[in-house]
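Take a look at the structure below.
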Amino acid sequence: MDDLFIAPTPPRADVLTVSFESWEGPLDLLLALARTQKVDLREISILALVEQYLAYIEGARKLKLELAADYLVMAAWLAYLKSALLLPKEAQPEPSPEELALRLQLRLQRLHAMRESGARLMARDRIGRDVFVREKPEGLRLVRRARWDASLYDLIQAYGQIRARTQPVVHMVAVRPVMTLDEAIQRVGSLVGAALDWTALEAFLPEGRDGPMARSALASSFVAALELAKQGRVEIRQEGIFEPIFLRASLPEEQAERLL
Amino acid sequence: MNEEPDDFLRAVEAALFVAEQPLTPAELRLHVGEAGDLDAALATLADHYAGRGVNLVERGGRWHFQTAADLAHILRREKDETRKLSRAAMETLAIIAYHEPVSRAEIEAIRGVQVAKGTLDVLMEAGWVRPAGRREVPGRPLIYATTVEFLSHFGLSSRRDLPGIDDLRAAGLLDPVDLALEGLGAQSVVENDDEEA
Amino acid sequence: MNEEPDDFLRAVEAALFVAEQPLTPAELRLHVGEAGDLDAALATLADHYAGRGVNLVERGGRWHFQTAADLAHILRREKDETRKLSRAAMETLAIIAYHEPVSRAEIEAIRGVQVAKGTLDVLMEAGWVRPAGRREVPGRPLIYATTVEFLSHFGLSSRRDLPGIDDLRAAGLLDPVDLALEGLGAQSVVENDDEEA
C-alpha cells in the first residue's frame, strides 16, 4: 500500500528514462510533475508545469520512446497554452489562457484530492486485513415451514375429477317410441286367431297411439303379418295396390276343405 | 469488577472469536504469543461471558465461543409459508381419503396416472397421510391412510363425513370438466407437477 | 457496573454473534421479538464491548461484531492478505464514494483517462460498488454508487465518515470543474474538459 502515499517517483530533470507505462495518462504525469513544484497545488505555476511537461516529452522523444498519442496531444495543447500565456494580455485569444490554465489547475487539484482520499480509504481498518469477523458464524436460520393450503372442496373436487376421468363410459340409449318386430308378431299372432273373418291390418294396432309410435306399430305389424304368412299362420288379402290389407288366421287344412 | 481487560486478554478473546474451530491453548499460543498467563486469561474470559448471550466454553481441551443454550430458540426463526397443494397431491390425498388404506399401486390404478415419489412425501410432511402397515399380498406393499390432522384440517369429524359418490354427482363434481385438456387417459402418464407440491 | 445482562440484551448479543451478515435493527427484531428497547440494547452492548478484543460496530445502519483493529497483527494470517487494488481501481472507488452517484464519463473527467474495462468490474465483484440507476441526461448513462458492504469493509458508519469529505466539499473539490470556475467568477465558460485529456 506504500505506493499509495507517495506519488510515483517524480522524474528528476536529468533523468528521463522513466517508463511511460508508469503513468496513467498525461494528467497523471502532469500531477506528478506539479507535485515536484509545491505541496499546495493551488500555488503551482502552470507555465513552469507546462515547460516541465514539454521538456519531459522532448526527452522521451530523444530516447526514441514510443509515446501514446494522448501524451502528444497534451503536449501540443500545452505548447499552445504556453504561447498564449506568453502573449501580451490584449492579444490573448478567447477563452483566455488564464482560464484554461485555471481549468487545468482545478483538474489537477481534483485528481489529487481523489488520489489522496483513495489512499486514506485504503488505510482504514479494513475487514479481513485489520479487523476480523467470525470465520464460520453459525448463522441465523430461517426455517420455512410449509402450510398447505387445501380446503375440503379442493379435496372432493379432486376426487370427483378422478372419478369422472377414470369411470368407464356407459352409453345409455334412450327409449324410443317404437314397436319392435317381436312385439308385433306376438300381438298380431295372438289377435288374428280371435277373429274368424278377414280383418283390416289397422285393427291389430294398439289403440290410442299416434305419431311415431303409430307409424312404428303399423310398419312392425305389417312386417309381422308377412312373417306370420310365411310361417303359414295367417293369410293376407289385398284388393289392389294401396288398398287396405286384410288378414285372417289360416285355417287348419281339414277345416279349410270343409268350408270350401 | 469490570476492569479494562489487558491486551493479552483482548488478544485471546479476539483469537477465539475469529477462530474457525475450537482452539487448544497451544493453538492459541500461536496467535497470542508465549508471554502472558493463558490459563488465567481463559478463566477470566469464561467468567466474564458466563451470564451473557455468548459463553466461552471448553470442550475436550478446546475453547470456543458459543451462544447460551437457552437462546437457541431465537437463532432459529420459523416462518409459515402458505403453499398450494399440487393437483397431483390433491388427487392422491383424495384417493387415500376415500379408499384408505390403499397402496401406491392402488392409488395409481384409481388415478390412472403414476404417483411420483415426492407426492406421498409431501402429504406425509403435511401430516395428513401416514403409512398404515403393509398389504398382505405379494410384495407386501406399504399402505397409506389419513391422519387425525387430516380430519381436523378439513373440518371432518370422521371419514364418513366425506360426501359420497351420489353427493358428488349431484353437486356436478363428476362432470368431466377438464377431460378435453387432460386427454381421456387411462394411459399411464407420469405426472410432472409434483415439484410444485 | 457489570450488571447481569437481561435476556433481551443476551438475545441481541447472541443473534449478532451467530449472524452471517451484519444485521439491521429490523432483521434483529425478527429474532429477538418486538418487546425490548433494541436501540438501548445495541448501545449498551456497543459500550460493553468497546474496550474489549471484540467490538460491536454499526456500519451503514447494520450491526456486527469484529475484532479490535489494534489486534490485527496477531490475527492476520498469510491467506488474509487482501488483494491489492490497482491505483486505477482505488481512485475510481474514491471518486464513486465521494461523488456518488457518478457516471463513468464523470469518473473519466476526473481521472483524465478512460476507465479501463475491468476496473468497475473489480469494484462490483468486491461488492463495494453497484449500479444505481441512470442519469436522466442524453444517453441515459448508468450511474454508480457504493454499497453497504463498502461501508462495513472500510469501517464507515455512513458516507459522512469518509475521510476528509467535509473539507473536500468545503474546498469545492467535489464540484465539477465547470461549477468551480463559475464559483471563481470566471466568465463565459465554453471549454469542454475533454479536449484537455
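Letters A, B, ... go to the chains of the C-alpha cells in the order shown; residues in each chain start at 1; ligands are counted from 1 in the same order.
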Legend entry - Non-local contacts of range 216-231 of chain A (8 Å; only C-alpha atoms; under 3 positions in same chain excluded) as an MDAnalysis selection string: chainID A and resid 177:182 184:185 188:189 201:202 204:206 212:213 234:236 247
Residue selection dump (all heavy atoms) as a compact mmCIF listing (two decimals), in the first residue's frame:
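Saved the output as again.txt:
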# COMPACT_ATOMS: atom_id res chain seq x y z
N PRO A 177 -89.85 -44.35 -29.16
CA PRO A 177 -91.23 -44.83 -29.36
C PRO A 177 -91.34 -45.76 -30.56
O PRO A 177 -91.66 -45.34 -31.66
CB PRO A 177 -92.01 -43.53 -29.58
CG PRO A 177 -91.00 -42.58 -30.18
CD PRO A 177 -89.67 -42.95 -29.60
N VAL A 178 -91.00 -47.01 -30.32
CA VAL A 178 -91.12 -47.97 -31.43
C VAL A 178 -91.83 -49.24 -30.92
O VAL A 178 -91.77 -49.57 -29.74
CB VAL A 178 -89.74 -48.40 -32.00
CG1 VAL A 178 -89.09 -47.26 -32.75
CG2 VAL A 178 -88.84 -48.91 -30.89
N MET A 179 -92.47 -49.92 -31.82
CA MET A 179 -92.95 -51.27 -31.53
C MET A 179 -92.01 -52.19 -32.27
O MET A 179 -91.82 -52.09 -33.47
CB MET A 179 -94.38 -51.47 -32.02
CG MET A 179 -94.84 -52.90 -31.82
SD MET A 179 -96.52 -53.16 -32.42
CE MET A 179 -97.43 -52.69 -30.96
N THR A 180 -91.39 -53.05 -31.48
CA THR A 180 -90.42 -53.92 -32.12
C THR A 180 -91.13 -55.00 -32.91
O THR A 180 -92.33 -55.26 -32.73
CB THR A 180 -89.51 -54.59 -31.08
OG1 THR A 180 -90.31 -55.41 -30.25
CG2 THR A 180 -88.81 -53.55 -30.23
N LEU A 181 -90.37 -55.64 -33.80
CA LEU A 181 -90.94 -56.70 -34.64
C LEU A 181 -91.44 -57.86 -33.78
O LEU A 181 -92.53 -58.40 -34.00
CB LEU A 181 -89.87 -57.19 -35.63
CG LEU A 181 -90.33 -58.25 -36.63
CD1 LEU A 181 -91.54 -57.74 -37.43
CD2 LEU A 181 -89.19 -58.64 -37.57
N ASP A 182 -90.66 -58.17 -32.77
CA ASP A 182 -91.07 -59.26 -31.90
C ASP A 182 -92.42 -58.98 -31.25
O ASP A 182 -93.30 -59.85 -31.16
CB ASP A 182 -90.02 -59.51 -30.82
CG ASP A 182 -88.78 -60.20 -31.39
OD1 ASP A 182 -88.90 -60.79 -32.49
OD2 ASP A 182 -87.70 -60.13 -30.74
N ALA A 184 -94.69 -57.01 -32.33
CA ALA A 184 -95.78 -57.03 -33.34
C ALA A 184 -96.18 -58.47 -33.70
O ALA A 184 -97.37 -58.79 -33.81
CB ALA A 184 -95.31 -56.28 -34.60
N ILE A 185 -95.19 -59.34 -33.84
CA ILE A 185 -95.51 -60.74 -34.17
C ILE A 185 -96.35 -61.33 -33.05
O ILE A 185 -97.36 -62.01 -33.28
CB ILE A 185 -94.20 -61.57 -34.37
CG1 ILE A 185 -93.53 -61.15 -35.68
CG2 ILE A 185 -94.52 -63.07 -34.39
CD1 ILE A 185 -92.15 -61.77 -35.89
N VAL A 188 -99.92 -59.49 -33.23
CA VAL A 188 -100.74 -59.85 -34.41
C VAL A 188 -101.10 -61.35 -34.35
O VAL A 188 -102.26 -61.75 -34.56
CB VAL A 188 -100.00 -59.51 -35.72
CG1 VAL A 188 -100.80 -60.01 -36.94
CG2 VAL A 188 -99.80 -58.00 -35.81
N GLY A 189 -100.08 -62.16 -34.00
CA GLY A 189 -100.30 -63.61 -33.94
C GLY A 189 -101.41 -63.99 -32.99
O GLY A 189 -102.23 -64.89 -33.27
N LEU A 201 -105.70 -54.72 -41.33
CA LEU A 201 -104.42 -54.68 -40.58
C LEU A 201 -104.49 -53.66 -39.44
O LEU A 201 -103.99 -53.87 -38.33
CB LEU A 201 -103.27 -54.35 -41.55
CG LEU A 201 -101.88 -54.27 -40.93
CD1 LEU A 201 -101.46 -55.62 -40.35
CD2 LEU A 201 -100.86 -53.82 -41.97
N GLU A 202 -105.11 -52.48 -39.73
CA GLU A 202 -105.19 -51.40 -38.74
C GLU A 202 -105.85 -51.85 -37.44
O GLU A 202 -105.57 -51.34 -36.37
CB GLU A 202 -105.96 -50.18 -39.29
CG GLU A 202 -105.17 -49.33 -40.29
CD GLU A 202 -105.03 -50.00 -41.67
OE1 GLU A 202 -105.70 -51.01 -41.92
OE2 GLU A 202 -104.21 -49.52 -42.47
N PHE A 204 -105.41 -54.43 -35.87
CA PHE A 204 -104.47 -55.12 -34.96
C PHE A 204 -103.56 -54.17 -34.20
O PHE A 204 -102.81 -54.58 -33.32
CB PHE A 204 -103.59 -56.11 -35.76
CG PHE A 204 -104.40 -57.22 -36.36
CD1 PHE A 204 -104.92 -57.13 -37.65
CD2 PHE A 204 -104.65 -58.39 -35.62
CE1 PHE A 204 -105.67 -58.16 -38.19
CE2 PHE A 204 -105.41 -59.41 -36.17
CZ PHE A 204 -105.92 -59.29 -37.46
N LEU A 205 -103.63 -52.87 -34.56
CA LEU A 205 -102.70 -51.92 -33.92
C LEU A 205 -103.18 -51.58 -32.52
O LEU A 205 -104.38 -51.56 -32.25
CB LEU A 205 -102.61 -50.63 -34.75
CG LEU A 205 -102.15 -50.83 -36.19
CD1 LEU A 205 -102.02 -49.47 -36.89
CD2 LEU A 205 -100.81 -51.57 -36.24
N PRO A 206 -102.28 -51.31 -31.62
CA PRO A 206 -102.69 -50.88 -30.27
C PRO A 206 -103.43 -49.57 -30.35
O PRO A 206 -103.10 -48.70 -31.18
CB PRO A 206 -101.37 -50.74 -29.51
CG PRO A 206 -100.32 -50.63 -30.56
CD PRO A 206 -100.82 -51.35 -31.77
N PRO A 212 -95.09 -41.03 -34.00
CA PRO A 212 -94.07 -42.01 -34.39
C PRO A 212 -94.43 -43.41 -33.94
O PRO A 212 -94.18 -44.38 -34.64
CB PRO A 212 -92.82 -41.52 -33.66
CG PRO A 212 -93.09 -40.09 -33.32
CD PRO A 212 -94.57 -39.94 -33.18
N MET A 213 -95.09 -43.50 -32.75
CA MET A 213 -95.44 -44.83 -32.23
C MET A 213 -96.45 -45.53 -33.14
O MET A 213 -96.31 -46.72 -33.42
CB MET A 213 -96.00 -44.67 -30.81
CG MET A 213 -96.25 -45.99 -30.11
SD MET A 213 -94.73 -46.95 -29.96
CE MET A 213 -95.41 -48.49 -29.40
N VAL A 234 -101.04 -66.98 -41.00
CA VAL A 234 -102.10 -66.06 -41.45
C VAL A 234 -102.16 -66.05 -42.97
O VAL A 234 -101.21 -66.44 -43.64
CB VAL A 234 -101.89 -64.62 -40.96
CG1 VAL A 234 -101.87 -64.56 -39.45
CG2 VAL A 234 -100.64 -64.02 -41.57
N GLU A 235 -103.31 -65.56 -43.44
CA GLU A 235 -103.45 -65.29 -44.86
C GLU A 235 -103.63 -63.81 -45.04
O GLU A 235 -104.20 -63.13 -44.18
CB GLU A 235 -104.65 -66.06 -45.44
CG GLU A 235 -104.43 -67.56 -45.43
CD GLU A 235 -105.69 -68.33 -45.84
OE1 GLU A 235 -106.68 -67.68 -46.26
OE2 GLU A 235 -105.64 -69.56 -45.72
N ILE A 236 -103.15 -63.28 -46.17
CA ILE A 236 -103.21 -61.85 -46.42
C ILE A 236 -103.98 -61.63 -47.72
O ILE A 236 -103.79 -62.34 -48.69
CB ILE A 236 -101.80 -61.24 -46.55
CG1 ILE A 236 -100.99 -61.51 -45.25
CG2 ILE A 236 -101.88 -59.73 -46.81
CD1 ILE A 236 -99.55 -61.07 -45.34
N LEU A 247 -106.26 -59.41 -43.00
CA LEU A 247 -105.65 -60.64 -42.50
C LEU A 247 -106.72 -61.55 -41.94
O LEU A 247 -107.74 -61.08 -41.44
CB LEU A 247 -104.67 -60.34 -41.35
CG LEU A 247 -103.62 -59.27 -41.50
CD1 LEU A 247 -102.80 -59.19 -40.19
CD2 LEU A 247 -102.68 -59.60 -42.66
Inset, instruction - Define the interface residues of chain C facing chain B as those within 12 Å, counting only C-alpha atoms, and report them as a ChimeraX atom specification. - result: /C:1-20,27-33,45,48-55,65-77
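Computed from the coordinates, the CA of Asp197 in chain A to CA of Glu183 in chain A distance equals 22.9 Å.
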Inset, instruction - Could you list the residues in chain A lying within 10 Å of chain B, using only C-alpha atoms, and format the result as a PyMOL selection string? - result: chain A and resi 131-168
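Closest approach to Ala145 in chain B from the set B:Thr119, B:Arg160, B:Glu100, B:Gln114 is made by B:Glu100, with distances taken over only C-alpha atoms.
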